[in-house]
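A.B. asks: Below you will find the structure I want to go over with you.
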Amino acid sequence: MSEDADLIVIGAGTAGLPCAIEAARAGLRVELVDADDDIGGTLRVSAGHMSAAGTRRQRLAGIDDDPDRHFADVTRIGHHRGDAALIRLAVDEAPGVVDWLDENGFPFAPGTPVVYHGHSPYSRPRTYWGVAHGRSIRETLRPLLDEQVASGRINLRLRTRAARLSTEGGAVTGVVVDTAEGPRELRAGVTVLASGGYGANPALFSALTPGAPRLVTNAVPTATGDAIEMALPLGAGVRFADLHTPRLGLLERRSQPGRVDFWSELVHLAPAERPPREIWVNARGERFVAEDLDDVTRHERAVQEQPGAEFWIVFDEASIDAGSSLVPSWGAERLREEARRGDVAWAADDLAGLAHLAGIDPEGLSRTTREYNLAVERGSDPLGRRVLEHRVAGPPYYAVRSVAALLCSFGGLDVDTDLRVRRADGGVVPGLHAIGEALGMGATSGAAFCGGMAVTPALAFGRLLGRRLGGRRDQQGAYL
């Protein structure tokens with residue numbers, strides 16, 4: 001059985017929602033398909049950080065900024081990698097997206113925009129998020145979606161997984177979806193892949209990122225790389241997976257291998273906001289980077305190069321109450337409690353006992369700690385650390401284990417600036433577009449986490465594509 005529409009959007013998340021909303025507002029009949037039981041996709045687990053230069057909110061705060069400076073910062077932080085044309089398109093569209101959310105009642109977190117130091121920082125305050133992080137974006141878009149659903153212009157199909165694309169003469173004509181009643185073919189003039197990345201698909205992650213460590217992820221279960229796997233048989237090109245960058249400071253419990261929780265268990269490691277009172281060591285008990293280096297990307301790369309792509313944050317009792325908490329959501333007493341539990345943190349009265357519990361080489365940890373304490377006494381660190389105010393010298397001793405974890409997929413489908421999916425030979429796949437994490441964060445962020453350059457391009461490209469598709473029909477309704 002087949003059903004016809006003007007547009008099919010696969011994925012009701014960060015990119016798919018604005019695409020469907022804008023296309024419907026332009027008069028298109030839209031089939032919006034999502035495998036989950038609610039809209040939002042990764043917005044349920046995302047920090048929802050957006051970056052935009054030249055917004056109304058910046059002007060009201062007296063911040064002088066523009067897309068040219070935003071583009072320059074992304075290029076610098078991303079090490080001149082990624083797709084320059086898409087980055088340019090994203091930063092040009094970004095202020096309009098933030099203003100659009102603002103106009104629709106988006107609840108900005110107080111004080112935003114800011115210079116955010118959880119990633120390598122921008123030169124201007126241009127990072128925004130909502131009071132409920134990614135969920136703030138979802139709930140701002142929900143009434144806009146509901147309006148179009150109520151009008152009959154959007155048919156929302158939840159708990160419906162796209163299985164394969166339909167084609168005729170090499171052009172995509174729709175998608176076959178799995179429903180409770182069995183397979184069903186949806187047909188449309190244009191199909192948009194907006195079903196997210198592959199952070200919940202270890203096999204695809206390994207295939208696209210050979211040599212990378214095992215997959216530890218914060219991705220939602222529906223982030224299985226369906227967009228890539230559906231487009232590959234049509235010759236679609238995939239790029240930027242080699243730029244994979246892990247998120248710094250996520251904690252993997254030994255009782256829950258392979259999973260991390262961005263919301264409740266993120267270590268505060270930004271030295272500009274919290275000068276370190278701890279040392280970082282690898283499984284050999286060795287320090288491997290200056291802990292106060294104000295270059296998050298170098299920290300991320302350094303962790304990725306350690307055995308098992310993991311490290312331990314080691315400190316003593318005196319450091320716990322000397323300032324802000326290492327894990328903000330825990331606080332001091334919860335930190336001690338977690339150390340007693342021994343799942344992701346440990347405590348012992350001596351360094352050898354701590355090493356044994358935590359899985360660190362005892363001799364290496366003892367030697368490294370002695371050398372670090374000597375560096376504190378001398379005021380000079382061989383690794384170049386400048387913050388040397390706290391020794392690791394008074395029991396009990398503590399260790400918290402952190403891992404290189406996937407927050408966003410860096411690889412994705414190759415598209416042009418019309419967001420048409422390109423084949424590996426350079427041609428386009430007729431009738432097929434892609435937006436959001438299906439493009440990979442590497443396309444718009446390069447070889448680093450550039451703040452807001454996952455969420456904002458997804459919103460911007462979705463909104464832009466929906467408007468473009470709505471305006472590209474002739475009088476008979478065919479797409480131009």
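If you're wondering about the labels, chains in the structure tokens are A, B, ... by order shown, residues count from 1 in each chain, ligands from 1 in order shown.
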Near range 292-305 of chain A, counting only C-alpha atoms, which residues have an atom at most 7 Å away, once you skip same-chain residues fewer than 6 positions from it, shown as a VMD selection string?
C.D. replies: chain A and resid 119 to 120 245 to 248 271 to 272 275 to 276 311 385 to 387 404 448
A.B. asks: Could you give me, as a list in words, the residues within 6 Å of range 454-459 of chain A, counting only C-alpha atoms and dropping anything in the same chain fewer than 3 positions from it?
C.D. replies: Thr14, Ala15, Met50, Ala90, Gly436, Met441 and Gly462 of chain A
A.B. asks: Would you pick out the contacts of Gly199 in chain A at 12 Å or less, using only C-alpha atoms, so that residues sharing its chain but fewer than 5 positions from it are not included, and give the list as a PDB file with all heavy atoms, in the first residue's frame?
C.D. replies:
```
ATOM      1  N   THR A  42      17.540  13.705  19.697  1.00  0.00           N
ATOM      2  CA  THR A  42      18.627  13.946  20.649  1.00  0.00           C
ATOM      3  C   THR A  42      18.376  15.151  21.543  1.00  0.00           C
ATOM      4  O   THR A  42      19.122  15.362  22.504  1.00  0.00           O
ATOM      5  CB  THR A  42      19.962  14.147  19.912  1.00  0.00           C
ATOM      6  OG1 THR A  42      19.852  15.268  19.027  1.00  0.00           O
ATOM      7  CG2 THR A  42      20.339  12.918  19.109  1.00  0.00           C
ATOM      8  N   LEU A 204      28.483   0.264  12.960  1.00  0.00           N
ATOM      9  CA  LEU A 204      28.669   1.332  11.977  1.00  0.00           C
ATOM     10  C   LEU A 204      29.741   2.303  12.438  1.00  0.00           C
ATOM     11  O   LEU A 204      30.550   2.782  11.622  1.00  0.00           O
ATOM     12  CB  LEU A 204      27.342   2.063  11.742  1.00  0.00           C
ATOM     13  CG  LEU A 204      27.346   3.131  10.642  1.00  0.00           C
ATOM     14  CD1 LEU A 204      27.785   2.542   9.310  1.00  0.00           C
ATOM     15  CD2 LEU A 204      25.962   3.772  10.518  1.00  0.00           C
ATOM     16  N   PHE A 205      29.774   2.597  13.728  1.00  0.00           N
ATOM     17  CA  PHE A 205      30.818   3.471  14.258  1.00  0.00           C
ATOM     18  C   PHE A 205      32.202   2.882  13.958  1.00  0.00           C
ATOM     19  O   PHE A 205      33.109   3.581  13.485  1.00  0.00           O
ATOM     20  CB  PHE A 205      30.637   3.662  15.763  1.00  0.00           C
ATOM     21  CG  PHE A 205      31.782   4.386  16.438  1.00  0.00           C
ATOM     22  CD1 PHE A 205      31.918   5.755  16.304  1.00  0.00           C
ATOM     23  CD2 PHE A 205      32.710   3.695  17.196  1.00  0.00           C
ATOM     24  CE1 PHE A 205      32.969   6.434  16.914  1.00  0.00           C
ATOM     25  CE2 PHE A 205      33.757   4.355  17.811  1.00  0.00           C
ATOM     26  CZ  PHE A 205      33.891   5.733  17.668  1.00  0.00           C
ATOM     27  N   SER A 206      32.378   1.600  14.209  1.00  0.00           N
ATOM     28  CA  SER A 206      33.672   0.955  13.961  1.00  0.00           C
ATOM     29  C   SER A 206      34.005   0.939  12.476  1.00  0.00           C
ATOM     30  O   SER A 206      35.159   1.138  12.089  1.00  0.00           O
ATOM     31  CB  SER A 206      33.658  -0.472  14.511  1.00  0.00           C
ATOM     32  OG  SER A 206      33.503  -0.471  15.909  1.00  0.00           O
ATOM     33  N   LEU A 208      33.033   3.078  10.159  1.00  0.00           N
ATOM     34  CA  LEU A 208      33.338   4.419   9.659  1.00  0.00           C
ATOM     35  C   LEU A 208      34.561   5.029  10.322  1.00  0.00           C
ATOM     36  O   LEU A 208      35.169   5.958   9.767  1.00  0.00           O
ATOM     37  CB  LEU A 208      32.137   5.344   9.892  1.00  0.00           C
ATOM     38  CG  LEU A 208      30.866   5.024   9.119  1.00  0.00           C
ATOM     39  CD1 LEU A 208      29.746   5.974   9.517  1.00  0.00           C
ATOM     40  CD2 LEU A 208      31.116   5.112   7.617  1.00  0.00           C
ATOM     41  N   THR A 209      34.926   4.529  11.502  1.00  0.00           N
ATOM     42  CA  THR A 209      36.034   5.117  12.263  1.00  0.00           C
ATOM     43  C   THR A 209      37.019   4.023  12.646  1.00  0.00           C
ATOM     44  O   THR A 209      37.184   3.697  13.826  1.00  0.00           O
ATOM     45  CB  THR A 209      35.500   5.818  13.529  1.00  0.00           C
ATOM     46  OG1 THR A 209      34.271   6.477  13.238  1.00  0.00           O
ATOM     47  CG2 THR A 209      36.497   6.849  14.049  1.00  0.00           C
ATOM     48  N   ARG A 214      36.625   1.568  21.536  1.00  0.00           N
ATOM     49  CA  ARG A 214      35.260   1.062  21.608  1.00  0.00           C
ATOM     50  C   ARG A 214      34.287   2.218  21.803  1.00  0.00           C
ATOM     51  O   ARG A 214      34.634   3.280  22.322  1.00  0.00           O
ATOM     52  CB  ARG A 214      35.135   0.077  22.767  1.00  0.00           C
ATOM     53  CG  ARG A 214      35.307   0.718  24.128  1.00  0.00           C
ATOM     54  CD  ARG A 214      35.369  -0.309  25.251  1.00  0.00           C
ATOM     55  NE  ARG A 214      35.616   0.359  26.526  1.00  0.00           N
ATOM     56  CZ  ARG A 214      34.656   0.815  27.318  1.00  0.00           C
ATOM     57  NH1 ARG A 214      33.390   0.634  26.979  1.00  0.00           N
ATOM     58  NH2 ARG A 214      34.941   1.425  28.456  1.00  0.00           N
ATOM     59  N   LEU A 215      33.064   1.985  21.383  1.00  0.00           N
ATOM     60  CA  LEU A 215      32.058   3.037  21.441  1.00  0.00           C
ATOM     61  C   LEU A 215      31.476   3.155  22.846  1.00  0.00           C
ATOM     62  O   LEU A 215      30.876   2.216  23.372  1.00  0.00           O
ATOM     63  CB  LEU A 215      30.935   2.746  20.446  1.00  0.00           C
ATOM     64  CG  LEU A 215      29.777   3.754  20.413  1.00  0.00           C
ATOM     65  CD1 LEU A 215      30.282   5.140  20.015  1.00  0.00           C
ATOM     66  CD2 LEU A 215      28.683   3.284  19.475  1.00  0.00           C
ATOM     67  N   VAL A 216      31.677   4.306  23.459  1.00  0.00           N
ATOM     68  CA  VAL A 216      30.988   4.697  24.685  1.00  0.00           C
ATOM     69  C   VAL A 216      30.168   5.927  24.310  1.00  0.00           C
ATOM     70  O   VAL A 216      30.703   6.882  23.752  1.00  0.00           O
ATOM     71  CB  VAL A 216      31.971   5.025  25.825  1.00  0.00           C
ATOM     72  CG1 VAL A 216      31.211   5.400  27.087  1.00  0.00           C
ATOM     73  CG2 VAL A 216      32.903   3.850  26.074  1.00  0.00           C
ATOM     74  N   THR A 217      28.876   5.929  24.605  1.00  0.00           N
ATOM     75  CA  THR A 217      28.011   6.913  23.968  1.00  0.00           C
ATOM     76  C   THR A 217      26.947   7.478  24.882  1.00  0.00           C
ATOM     77  O   THR A 217      26.513   6.828  25.838  1.00  0.00           O
ATOM     78  CB  THR A 217      27.342   6.270  22.731  1.00  0.00           C
ATOM     79  OG1 THR A 217      26.529   7.231  22.061  1.00  0.00           O
ATOM     80  CG2 THR A 217      26.475   5.086  23.134  1.00  0.00           C
ATOM     81  N   ASN A 218      26.541   8.688  24.553  1.00  0.00           N
ATOM     82  CA  ASN A 218      25.401   9.358  25.183  1.00  0.00           C
ATOM     83  C   ASN A 218      24.206   9.416  24.232  1.00  0.00           C
ATOM     84  O   ASN A 218      23.194  10.030  24.540  1.00  0.00           O
ATOM     85  CB  ASN A 218      25.812  10.778  25.598  1.00  0.00           C
ATOM     86  CG  ASN A 218      24.725  11.520  26.354  1.00  0.00           C
ATOM     87  OD1 ASN A 218      24.324  11.107  27.426  1.00  0.00           O
ATOM     88  ND2 ASN A 218      24.230  12.613  25.781  1.00  0.00           N
ATOM     89  N   ALA A 219      24.329   8.777  23.071  1.00  0.00           N
ATOM     90  CA  ALA A 219      23.297   8.903  22.042  1.00  0.00           C
ATOM     91  C   ALA A 219      21.994   8.235  22.463  1.00  0.00           C
ATOM     92  O   ALA A 219      21.978   7.274  23.236  1.00  0.00           O
ATOM     93  CB  ALA A 219      23.787   8.273  20.740  1.00  0.00           C
ATOM     94  N   VAL A 220      20.882   8.744  21.919  1.00  0.00           N
ATOM     95  CA  VAL A 220      19.592   8.104  22.144  1.00  0.00           C
ATOM     96  C   VAL A 220      19.564   6.786  21.375  1.00  0.00           C
ATOM     97  O   VAL A 220      20.254   6.621  20.368  1.00  0.00           O
ATOM     98  CB  VAL A 220      18.428   9.015  21.687  1.00  0.00           C
ATOM     99  CG1 VAL A 220      18.357  10.246  22.564  1.00  0.00           C
ATOM    100  CG2 VAL A 220      18.570   9.399  20.222  1.00  0.00           C
ATOM    101  N   PRO A 221      18.770   5.805  21.830  1.00  0.00           N
ATOM    102  CA  PRO A 221      18.771   4.484  21.191  1.00  0.00           C
ATOM    103  C   PRO A 221      18.400   4.492  19.716  1.00  0.00           C
ATOM    104  O   PRO A 221      18.786   3.579  18.975  1.00  0.00           O
ATOM    105  CB  PRO A 221      17.731   3.700  22.019  1.00  0.00           C
ATOM    106  CG  PRO A 221      17.709   4.372  23.342  1.00  0.00           C
ATOM    107  CD  PRO A 221      17.938   5.818  23.055  1.00  0.00           C
ATOM    108  N   THR A 222      17.657   5.502  19.265  1.00  0.00           N
ATOM    109  CA  THR A 222      17.246   5.560  17.857  1.00  0.00           C
ATOM    110  C   THR A 222      18.327   6.113  16.938  1.00  0.00           C
ATOM    111  O   THR A 222      18.133   6.150  15.718  1.00  0.00           O
ATOM    112  CB  THR A 222      15.973   6.402  17.713  1.00  0.00           C
ATOM    113  OG1 THR A 222      16.172   7.677  18.340  1.00  0.00           O
ATOM    114  CG2 THR A 222      14.778   5.704  18.357  1.00  0.00           C
ATOM    115  N   ALA A 223      19.489   6.527  17.489  1.00  0.00           N
ATOM    116  CA  ALA A 223      20.576   7.076  16.659  1.00  0.00           C
ATOM    117  C   ALA A 223      21.402   5.931  16.092  1.00  0.00           C
ATOM    118  O   ALA A 223      22.541   5.696  16.469  1.00  0.00           O
ATOM    119  CB  ALA A 223      21.447   8.023  17.484  1.00  0.00           C
ATOM    120  N   THR A 224      20.808   5.210  15.147  1.00  0.00           N
ATOM    121  CA  THR A 224      21.433   4.001  14.618  1.00  0.00           C
ATOM    122  C   THR A 224      22.012   4.174  13.221  1.00  0.00           C
ATOM    123  O   THR A 224      22.359   3.197  12.565  1.00  0.00           O
ATOM    124  CB  THR A 224      20.414   2.846  14.615  1.00  0.00           C
ATOM    125  OG1 THR A 224      19.222   3.274  13.939  1.00  0.00           O
ATOM    126  CG2 THR A 224      20.059   2.436  16.035  1.00  0.00           C
ATOM    127  N   GLY A 225      22.107   5.401  12.747  1.00  0.00           N
ATOM    128  CA  GLY A 225      22.727   5.641  11.442  1.00  0.00           C
ATOM    129  C   GLY A 225      21.865   5.236  10.266  1.00  0.00           C
ATOM    130  O   GLY A 225      22.384   4.960   9.179  1.00  0.00           O
ATOM    131  N   ASP A 226      20.534   5.220  10.451  1.00  0.00           N
ATOM    132  CA  ASP A 226      19.651   4.779   9.373  1.00  0.00           C
ATOM    133  C   ASP A 226      19.800   5.629   8.118  1.00  0.00           C
ATOM    134  O   ASP A 226      19.692   5.111   6.992  1.00  0.00           O
ATOM    135  CB  ASP A 226      18.191   4.816   9.835  1.00  0.00           C
ATOM    136  CG  ASP A 226      17.874   3.753  10.869  1.00  0.00           C
ATOM    137  OD1 ASP A 226      18.754   2.914  11.134  1.00  0.00           O
ATOM    138  OD2 ASP A 226      16.759   3.762  11.409  1.00  0.00           O
ATOM    139  N   ALA A 241      34.165  11.155   8.990  1.00  0.00           N
ATOM    140  CA  ALA A 241      34.195  10.252  10.146  1.00  0.00           C
ATOM    141  C   ALA A 241      35.583  10.215  10.767  1.00  0.00           C
ATOM    142  O   ALA A 241      35.728   9.941  11.964  1.00  0.00           O
ATOM    143  CB  ALA A 241      33.761   8.850   9.732  1.00  0.00           C
ATOM    144  N   HIS A 244      36.452  12.237  14.060  1.00  0.00           N
ATOM    145  CA  HIS A 244      35.805  11.877  15.327  1.00  0.00           C
ATOM    146  C   HIS A 244      36.550  12.476  16.525  1.00  0.00           C
ATOM    147  O   HIS A 244      37.756  12.297  16.683  1.00  0.00           O
ATOM    148  CB  HIS A 244      35.745  10.358  15.480  1.00  0.00           C
ATOM    149  CG  HIS A 244      35.363   9.920  16.861  1.00  0.00           C
ATOM    150  ND1 HIS A 244      34.111  10.150  17.390  1.00  0.00           N
ATOM    151  CD2 HIS A 244      36.068   9.287  17.841  1.00  0.00           C
ATOM    152  CE1 HIS A 244      34.062   9.670  18.608  1.00  0.00           C
ATOM    153  NE2 HIS A 244      35.233   9.134  18.918  1.00  0.00           N
ATOM    154  N   PRO A 246      36.054  12.871  20.784  1.00  0.00           N
ATOM    155  CA  PRO A 246      35.242  12.504  21.949  1.00  0.00           C
ATOM    156  C   PRO A 246      34.965  13.716  22.831  1.00  0.00           C
ATOM    157  O   PRO A 246      35.699  14.694  22.817  1.00  0.00           O
ATOM    158  CB  PRO A 246      36.125  11.492  22.679  1.00  0.00           C
ATOM    159  CG  PRO A 246      37.520  11.951  22.356  1.00  0.00           C
ATOM    160  CD  PRO A 246      37.470  12.496  20.949  1.00  0.00           C
ATOM    161  N   GLY A 258      29.622   1.113  28.247  1.00  0.00           N
ATOM    162  CA  GLY A 258      29.204   1.625  26.951  1.00  0.00           C
ATOM    163  C   GLY A 258      28.272   2.814  26.993  1.00  0.00           C
ATOM    164  O   GLY A 258      27.984   3.406  25.950  1.00  0.00           O
ATOM    165  N   ARG A 259      27.771   3.197  28.184  1.00  0.00           N
ATOM    166  CA  ARG A 259      26.826   4.296  28.297  1.00  0.00           C
ATOM    167  C   ARG A 259      27.363   5.379  29.218  1.00  0.00           C
ATOM    168  O   ARG A 259      28.067   5.092  30.188  1.00  0.00           O
ATOM    169  CB  ARG A 259      25.480   3.820  28.862  1.00  0.00           C
ATOM    170  CG  ARG A 259      24.733   2.851  27.987  1.00  0.00           C
ATOM    171  CD  ARG A 259      24.296   3.471  26.682  1.00  0.00           C
ATOM    172  NE  ARG A 259      23.526   4.695  26.867  1.00  0.00           N
ATOM    173  CZ  ARG A 259      23.083   5.438  25.859  1.00  0.00           C
ATOM    174  NH1 ARG A 259      23.331   5.095  24.617  1.00  0.00           N
ATOM    175  NH2 ARG A 259      22.394   6.549  26.081  1.00  0.00           N
ATOM    176  N   VAL A 260      27.039   6.623  28.924  1.00  0.00           N
ATOM    177  CA  VAL A 260      27.340   7.751  29.802  1.00  0.00           C
ATOM    178  C   VAL A 260      26.102   8.626  29.895  1.00  0.00           C
ATOM    179  O   VAL A 260      25.209   8.558  29.046  1.00  0.00           O
ATOM    180  CB  VAL A 260      28.538   8.584  29.286  1.00  0.00           C
ATOM    181  CG1 VAL A 260      29.826   7.804  29.393  1.00  0.00           C
ATOM    182  CG2 VAL A 260      28.310   9.048  27.838  1.00  0.00           C
ATOM    183  N   ALA A 405      34.089   9.680  25.184  1.00  0.00           N
ATOM    184  CA  ALA A 405      32.737   9.221  24.826  1.00  0.00           C
ATOM    185  C   ALA A 405      32.185  10.017  23.658  1.00  0.00           C
ATOM    186  O   ALA A 405      32.489  11.195  23.474  1.00  0.00           O
ATOM    187  CB  ALA A 405      31.812   9.349  26.029  1.00  0.00           C
ATOM    188  N   LEU A 406      31.350   9.351  22.878  1.00  0.00           N
ATOM    189  CA  LEU A 406      30.728   9.996  21.733  1.00  0.00           C
ATOM    190  C   LEU A 406      29.513  10.801  22.180  1.00  0.00           C
ATOM    191  O   LEU A 406      28.620  10.265  22.832  1.00  0.00           O
ATOM    192  CB  LEU A 406      30.311   8.942  20.706  1.00  0.00           C
ATOM    193  CG  LEU A 406      29.700   9.460  19.395  1.00  0.00           C
ATOM    194  CD1 LEU A 406      30.090   8.561  18.233  1.00  0.00           C
ATOM    195  CD2 LEU A 406      28.176   9.571  19.482  1.00  0.00           C
ATOM    196  N   LEU A 407      29.525  12.060  21.835  1.00  0.00           N
ATOM    197  CA  LEU A 407      28.379  12.928  22.070  1.00  0.00           C
ATOM    198  C   LEU A 407      27.662  13.214  20.758  1.00  0.00           C
ATOM    199  O   LEU A 407      26.436  13.289  20.716  1.00  0.00           O
ATOM    200  CB  LEU A 407      28.831  14.236  22.722  1.00  0.00           C
ATOM    201  CG  LEU A 407      27.789  15.026  23.505  1.00  0.00           C
ATOM    202  CD1 LEU A 407      27.202  14.202  24.642  1.00  0.00           C
ATOM    203  CD2 LEU A 407      28.400  16.309  24.053  1.00  0.00           C
ATOM    204  N   CYS A 408      28.442  13.380  19.673  1.00  0.00           N
ATOM    205  CA  CYS A 408      27.897  13.603  18.336  1.00  0.00           C
ATOM    206  C   CYS A 408      28.690  12.775  17.330  1.00  0.00           C
ATOM    207  O   CYS A 408      29.902  12.622  17.466  1.00  0.00           O
ATOM    208  CB  CYS A 408      27.998  15.078  17.928  1.00  0.00           C
ATOM    209  SG  CYS A 408      27.065  16.210  18.955  1.00  0.00           S
ATOM    210  N   SER A 409      28.010  12.270  16.304  1.00  0.00           N
ATOM    211  CA  SER A 409      28.693  11.579  15.216  1.00  0.00           C
ATOM    212  C   SER A 409      29.368  12.614  14.327  1.00  0.00           C
ATOM    213  O   SER A 409      28.738  13.578  13.898  1.00  0.00           O
ATOM    214  CB  SER A 409      27.689  10.783  14.383  1.00  0.00           C
ATOM    215  OG  SER A 409      26.928   9.912  15.185  1.00  0.00           O
ATOM    216  N   PHE A 410      30.641  12.419  14.027  1.00  0.00           N
ATOM    217  CA  PHE A 410      31.355  13.379  13.176  1.00  0.00           C
ATOM    218  C   PHE A 410      31.248  13.036  11.696  1.00  0.00           C
ATOM    219  O   PHE A 410      31.385  13.901  10.847  1.00  0.00           O
ATOM    220  CB  PHE A 410      32.823  13.475  13.602  1.00  0.00           C
ATOM    221  CG  PHE A 410      33.058  14.526  14.653  1.00  0.00           C
ATOM    222  CD1 PHE A 410      32.583  14.361  15.939  1.00  0.00           C
ATOM    223  CD2 PHE A 410      33.728  15.703  14.351  1.00  0.00           C
ATOM    224  CE1 PHE A 410      32.774  15.322  16.908  1.00  0.00           C
ATOM    225  CE2 PHE A 410      33.933  16.688  15.301  1.00  0.00           C
ATOM    226  CZ  PHE A 410      33.452  16.496  16.591  1.00  0.00           C
ATOM    227  N   GLY A 411      31.030  11.768  11.353  1.00  0.00           N
ATOM    228  CA  GLY A 411      30.861  11.384   9.958  1.00  0.00           C
ATOM    229  C   GLY A 411      29.420  11.506   9.520  1.00  0.00           C
ATOM    230  O   GLY A 411      28.490  11.412  10.336  1.00  0.00           O
ATOM    231  N   GLY A 412      29.215  11.721   8.212  1.00  0.00           N
ATOM    232  CA  GLY A 412      27.850  11.834   7.723  1.00  0.00           C
ATOM    233  C   GLY A 412      27.789  11.909   6.215  1.00  0.00           C
ATOM    234  O   GLY A 412      28.812  11.818   5.518  1.00  0.00           O
ATOM    235  N   GLU A 437      22.301  15.736  12.131  1.00  0.00           N
ATOM    236  CA  GLU A 437      23.458  14.903  12.421  1.00  0.00           C
ATOM    237  C   GLU A 437      23.691  13.852  11.344  1.00  0.00           C
ATOM    238  O   GLU A 437      24.751  13.227  11.307  1.00  0.00           O
ATOM    239  CB  GLU A 437      23.301  14.243  13.785  1.00  0.00           C
ATOM    240  CG  GLU A 437      24.602  13.732  14.376  1.00  0.00           C
ATOM    241  CD  GLU A 437      24.437  13.167  15.773  1.00  0.00           C
ATOM    242  OE1 GLU A 437      23.410  13.441  16.432  1.00  0.00           O
ATOM    243  OE2 GLU A 437      25.351  12.439  16.216  1.00  0.00           O
ATOM    244  N   ALA A 438      22.734  13.676  10.438  1.00  0.00           N
ATOM    245  CA  ALA A 438      22.952  12.795   9.292  1.00  0.00           C
ATOM    246  C   ALA A 438      24.095  13.301   8.416  1.00  0.00           C
ATOM    247  O   ALA A 438      24.701  12.536   7.667  1.00  0.00           O
ATOM    248  CB  ALA A 438      21.679  12.673   8.459  1.00  0.00           C
ATOM    249  N   GLY A 440      26.800  14.644   9.808  1.00  0.00           N
ATOM    250  CA  GLY A 440      27.995  14.532  10.631  1.00  0.00           C
ATOM    251  C   GLY A 440      28.432  15.884  11.149  1.00  0.00           C
ATOM    252  O   GLY A 440      28.407  16.894  10.430  1.00  0.00           O
ATOM    253  N   MET A 441      28.838  15.924  12.410  1.00  0.00           N
ATOM    254  CA  MET A 441      29.269  17.185  12.995  1.00  0.00           C
ATOM    255  C   MET A 441      30.550  17.697  12.355  1.00  0.00           C
ATOM    256  O   MET A 441      30.822  18.899  12.353  1.00  0.00           O
ATOM    257  CB  MET A 441      29.462  17.031  14.503  1.00  0.00           C
ATOM    258  CG  MET A 441      29.719  18.357  15.205  1.00  0.00           C
ATOM    259  SD  MET A 441      29.699  18.224  16.994  1.00  0.00           S
ATOM    260  CE  MET A 441      30.117  19.919  17.440  1.00  0.00           C
TER     261      MET A 441
END
```
A.B. asks: Compare A:Val314, A:Val429, A:Val149, A:Ile228 by their minimum atom-to-atom distance to Trp346 in chain A, counting only C-alpha atoms, and give me the closest one.
C.D. replies: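 Going through A:Val314, A:Val429, A:Val149, A:Ile228 one by one, the smallest distance to Trp346 in chain A is for A:Val314.
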A.B. asks: For Leu251 in chain A, find every residue with an atom within 10 Å (counting only C-alpha atoms), except residues of its own chain fewer than 2 positions away, and show them as a list in words.
C.D. replies: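 In the requested format, the answer is Val216, Leu248, Gly249, Arg253, Arg254, Arg259, Val260, Asp261, Phe262, Ser264, Glu265, Leu266, Val267, Glu310, Val327, Val344, Ala345, Val400, Arg401, Ser402, Val403, Ala404 and Ala405 of chain A.
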A.B. asks: Would you mind listing, for every residue of range 222-341 of chain A within 12 Å of range 372-378 of chain A, the two atoms forming the shortest contact and the distance between them in Å to one decimal, using only C-alpha atoms, sorted by chain and ascending residue number, as a Markdown table?
C.D. replies:
```
| residue | atom | partner | partner_atom | distance |
| --- | --- | --- | --- | --- |
| A:Arg277 | CA | A:Val376 | CA | 11.3 |
| A:Glu278 | CA | A:Tyr372 | CA | 10.2 |
| A:Ile279 | CA | A:Tyr372 | CA | 8.2 |
| A:Trp280 | CA | A:Tyr372 | CA | 10.7 |
| A:Val281 | CA | A:Tyr372 | CA | 11.2 |
| A:Gly285 | CA | A:Tyr372 | CA | 11.9 |
| A:Glu286 | CA | A:Tyr372 | CA | 10.4 |
| A:Arg287 | CA | A:Tyr372 | CA | 9.0 |
| A:Ala290 | CA | A:Tyr372 | CA | 11.2 |
| A:Glu291 | CA | A:Tyr372 | CA | 11.8 |
| A:Val314 | CA | A:Tyr372 | CA | 11.5 |
| A:Phe315 | CA | A:Asn373 | CA | 11.4 |
| A:Asp316 | CA | A:Asn373 | CA | 12.0 |
```
A.B. asks: Excluding Pro362 in chain A and residues on its chain fewer than 5 positions from it, collect all residues at most 12 Å away from it, counting only C-alpha atoms, and give them as a ChimeraX atom specification.
C.D. replies: /A:281-286,350-357,367-369
A.B. asks: Leaving out Pro107 in chain A and any residue of its chain fewer than 3 positions from it, which residues lie within 12 Å of it when counting only C-alpha atoms, given as a list in words?
C.D. replies: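 Using only C-alpha atoms, the neighbours found are Gly48, Val98, Leu101, Asp102, Glu103, Asn104, Pro110, Gly111, Thr112, Tyr128, Trp129, Gly130, Val131, Ala132, His133, Gly134, Arg135, Ser136, Ile137, Arg138, Glu139, Thr140 and Leu141 of chain A.
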A.B. asks: If you measure from CA of Arg463 in chain A to CA of Cys450 in chain A, what distance in Å do you get, rounded to one decimal?
C.D. replies: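 Those two atoms sit 20.9 Å apart.
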A.B. asks: Taking only range 187-382 of chain A into account, list the residues labelled alpha helix (DSSP H) by DSSP (computed from the backbone), as an MDAnalysis selection string.
C.D. replies: chainID A and resid 202:208 226:231 296:304 317:320 331:341 351:358 362:378
A.B. asks: Ala26 in chain A: which residues within 12 Å, counting only C-alpha atoms, same-chain residues fewer than 5 positions away excluded, as number ranges by chain?
C.D. replies: A: 6-7, 19-21, 148, 153-154, 463-473
A.B. asks: Determine the nearest neighbour of Asp146 in chain A from the options A:Arg25, A:Arg56, A:His70, A:Arg184, counting only C-alpha atoms.
C.D. replies: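 Of A:Arg25, A:Arg56, A:His70, A:Arg184, the one nearest Asp146 in chain A, counting only C-alpha atoms, is A:Arg25.
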A.B. asks: Under the rule that only C-alpha atoms are counted, which of A:Leu250, A:Ala358, A:Ala180, A:Ala188 is the nearest residue to His268 in chain A?
C.D. replies: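 Of A:Leu250, A:Ala358, A:Ala180, A:Ala188, the one nearest His268 in chain A, counting only C-alpha atoms, is A:Leu250.
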